[in-house]
Every structure is written in C-alpha cells, then in structure tokens.
2 protein chains.
Amino acid sequence: MSGIGSRRGFVSLVGAGPGDPELLTRRAAARLAGADVVLYDALVDLAVLDLAPRAQRIFVGKRAGRPAVRQEFIHRLMIRAARRGCAVVRLKGGDPFVFGRGGEEALALTGAGVPFEIVPGISSAIAAPELAGIPVTHRGVSTGFVVVSGHAEAAYRGILENLAPQSCTVVVLMGIGGITDVAALLVARGWGLLTPAAVIFGAGTAAADVWTMTLGELQRGIESSDSTLPGTVVIGDVVRLRAAIAFDAADCEAAAR
Amino acid sequence: MSGIGSRRGFVSLVGAGPGDPELLTRRAAARLAGADVVLYDALVDLAVLDLAPRAQRIFVGKRAGRPAVRQEFIHRLMIRAARRGCAVVRLKGGDPFVFGRGGEEALALTGAGVPFEIVPGISSAIAAPELAGIPVTHRGVSTGFVVVSGHAEAAYRGILENLAPQSCTVVVLMGIGGITDVAALLVARGWGLLTPAAVIFGAGTAAADVWTMTLGELQRGIESSDSTLPGTVVIGDVVRLRAAIAFDAADCEAAAR
C-alpha cells in the first residue's frame, strides 16, 4: 500500500478479457503491476492475478452455493480503498461495459467523487467465437451482429423477437442455462432449424471446448455439462466458416509452439 | 528476416485495437516485437508500428484519392512472405473479425496451407463508446447491442429495419458518410426523435472527439468534418449516461497523469 497518504487514490475499471493473460491489454497489465488492491470476479482467470504481485487481492464474485457479494458492497470497497490513497484495480472478465455492471460502478465512483478511468478489455462476445475460428461478420455471410445476455428472458426477448431470420449473427453471453428458450424464440420468428450454432466453453483458456450443432438441436437442449466454465453461444451462418478457419488455425498454433 | 530458411513461416492476424498502443493486447505486442514483416492498414496508429522495430513495414490500406490495395494482393503478400520463412503480422485496426475481412484472409491462408493464428483486438464497436463514457449495456437501460457497418445501405437495412424502437443500443461502424440514412431508417421504424446519439471520432487517440445529439439531429446530418479520423456512431438511451460517467473520467484521467 505504498500510496497511502502520499497521493490521491485512483480506481481503474479494467477488462481482463476472456481468460488468457496474454489477451489482457498492455494498459491492463500496467495497472495490475502498479495496483495496491485488486477486486476481482469469478470470471477472471487466476493466472491474470499473477500480474499484480504487490496487490492485496479481494474476491468479490459469485461462488457456487453462496450468495453473491452485493454490488453496493463492491462500490463501498472500491471507494474506501481509493480514499485511503490506494491504486485500486476493479478487474472484470471480458469488457467492463458488456454486461459487466461497469457503468454502475463508474456512476458510484462519480457519485463519491473518486477519480477513475476505464480500461477496455477483449469481450468474449467477439473473441470467444473468434478464437474458435468463427468471425461474427464475414463478407457475403453476415453484415452485423447482435449481442444479448441470455440470463433472463426479459433481457433478450425484446431484441431477438424482431430479428429477421438469418439477418445477422446472434451472440448470447451468460446464457447456457436458458439457451433452449433463446433457440425456440428464434425458431418461432422463422429462423431455419438448420441454422448452424456453436457453444463455446472457456474461450481463451487451456480448457476451451467448442460444440457445433444446428438451431434445431440447440432448441432441444444441450447435454448438461458439469463444466463451470463460462459459455458463449453463437447462432448464424458464420458458424459454417469454422470448419475451414479453425481446423487449420488449431493445427497451426500447435505447430508454432 | 532472421527466419528465412531456418523455420516455417507463420502469419498472425492481429487486431490493433482502436488506436492507442497501450490498448494492444500483450500477445499482439509480442507478435509485433518478433515480426519480420508487418502488413498494416490505414486504421492503424503509426505509434503502434514502433512496437515492431525489426520488421519490414508494408502499408496495404486505403489512401485518400488512390485506389485501395486489392484484397487478393494482400493475400499474396502474406502467403509469399510466410513461404519465405518470415514471421508475418497482418495488423488490422480494431478486431480482425469485426468488418476487418479477417475471415477472408484466414480462408486464403488455409487455402494456401500457410499456418496462422488469430489474435483478437479491442473493437471500436465497444471501446469507442466506452472511452467516451458510454456503456453499450447498462442495467435498466440497455440489455443488448447491435453492431452494423454503415458503409452501404444493403449492409444494415435488413438488420435495423426490424429492431423494435429503443429495444437495444445501436452501434454503427464506418458509417459517418451515410449516417443520415441510418438515422432516417430508425425514425421510420418508430425510434423517437429525441433518442440520444453520439458520434465519436478517433477513439483511443489523442485527437479523440465526441459529439452528442439526438436521433432527429443525426437524421438532419452532422456538420461535415474535415476529419479523416474513423468515426463510430452510438444510438440509444445509454448515451445519456455519458454526462455522469465521462465528464469525471476525463477529469480523473488527466489528474492521474
């Protein structure tokens, strides 16, 4: 806590990316190296914390079977540490502003008069498909993409129920549990049962796993997985490109090591 | 060109992020440091190239008043350099798979039997608003976002014409030229004229500039700008959060320097 008393505290809201420490930004790594305190979520790979050797590390994510740390408590921790003069890193999986409640935390800091910055991270919305060899846009196949959270129907129905069939790529974050409902909604809207889909677990980690299927199969449900890895679902014709892009990429990355 | 003859060539399709060299990933920086050849676009900040001191640097982007380098020519350059044993970095602004033609380049490399990898970058679709203090998602305001390219009406009409008014955040990349058409389409679909919007030029660079307005104003056209900086447009209620988030963030970042 070198900073106590000697300077004004500061909070960096930092995106950690999908998991691989090499996919942090250079700024994120610099902030971790200089941090006195790191508040981190369950989505953050523990190897990322090794980049903050000086810091006190505080876990504020959800743990299975336990209630989540309340958001207001996270706000209080950040504010208190900053007021004590600490360099605080609030480290979030992916990007702080993509379903990360980073906006709420920024508003809390503003309200408390605590200086802060936002450091974007690689979002799994784009990078999970990408690392699996699936481009969310591709000339002649998809000219745009939609990103929703699948954790509650109210969060995606208003967006997905109007999307014209096959008009774009659909990415669902945090939606493994309710993915059959998402698929049923798209099918009811007229999306073809044979529309390709992919479910990506643990993107950007050594344990990454990719399942491909059709929208019809997705609607019938994916085999329950014991995996506690976060899952990203991609639906759309771009998934077909994986066969050509990813197979070789995987080979080649192995060859390059 | 240390690698010629001594090892197999390799291509890294690398996202350079929105401009600031500090927003490159650690892996992107490592690939640049080890590169023999870097092929880069107009969207890449020249300061980023300083991270590749050993490399031959080849500009393959569009320059005002000149025809763009043909995509097939870029493919041939990459393939030829890799076959000569070079470590090749194909450096693209933002993320390679978000309107970056990265998928096409990956397929060309696959077809030529050239080993490659994909290194995701921070996409301006999320980071341009973010660095301006606008979260693309925010609890109670926006539960998802749509990303389209604004360069041609055919590229976005099929997606935007069905979006229920105010149902999500809309991000338009590469669309400054035709943004009045995008705005008119949303207004025709029933989006309120008072829906807030922001136009962000040069996100992640020292020259960054943010204009906020209403959808109605956007429909009447933005003042023509001499700026050659790339522009990102964000439309949706999340833009209102900027007043609280960005003002302080800008102050605070300045204070932290």
# chains A, B, ... in the order shown; residues from 1 in each chain; ligands from 1
$ interface_residues --of "chain B" --to "chain A" --cutoff "7 Å" --atoms "only C-alpha atoms" --output "JSON, numbers by chain"
{"B": [22, 23, 24, 25, 26, 27, 97, 98, 99, 101, 103, 106, 107, 110, 115, 116, 117, 118, 120, 121, 122, 127, 130, 131, 135, 136, 137, 138, 143, 144, 145, 146, 147, 148, 149, 155, 156, 158, 159, 162, 163, 164, 167, 168, 244, 245, 248, 249, 252, 253]}
$ residues_around --residues "Leu43 of chain A" --least-positions-apart "4" --cutoff "8 Å" --atoms "only C-alpha atoms" --output "list of chain:residue names"
A:Gly19, A:Gly61, A:Lys92, A:Gly93, A:Pro230
$ select_by_dssp --residues "segment 4-217 of chain A" --states "helix (DSSP H, G or I)" --output "PyMOL selection string"
chain A and resi 21-23+26-33+46-49+71-83+102-112+124-131+153-160+179-188+215-217
$ closest_residue --among "B:Val88, B:Val199, B:Leu186, B:Ile74" --to "Val233 of chain B" --atoms "only C-alpha atoms"
B:Val199
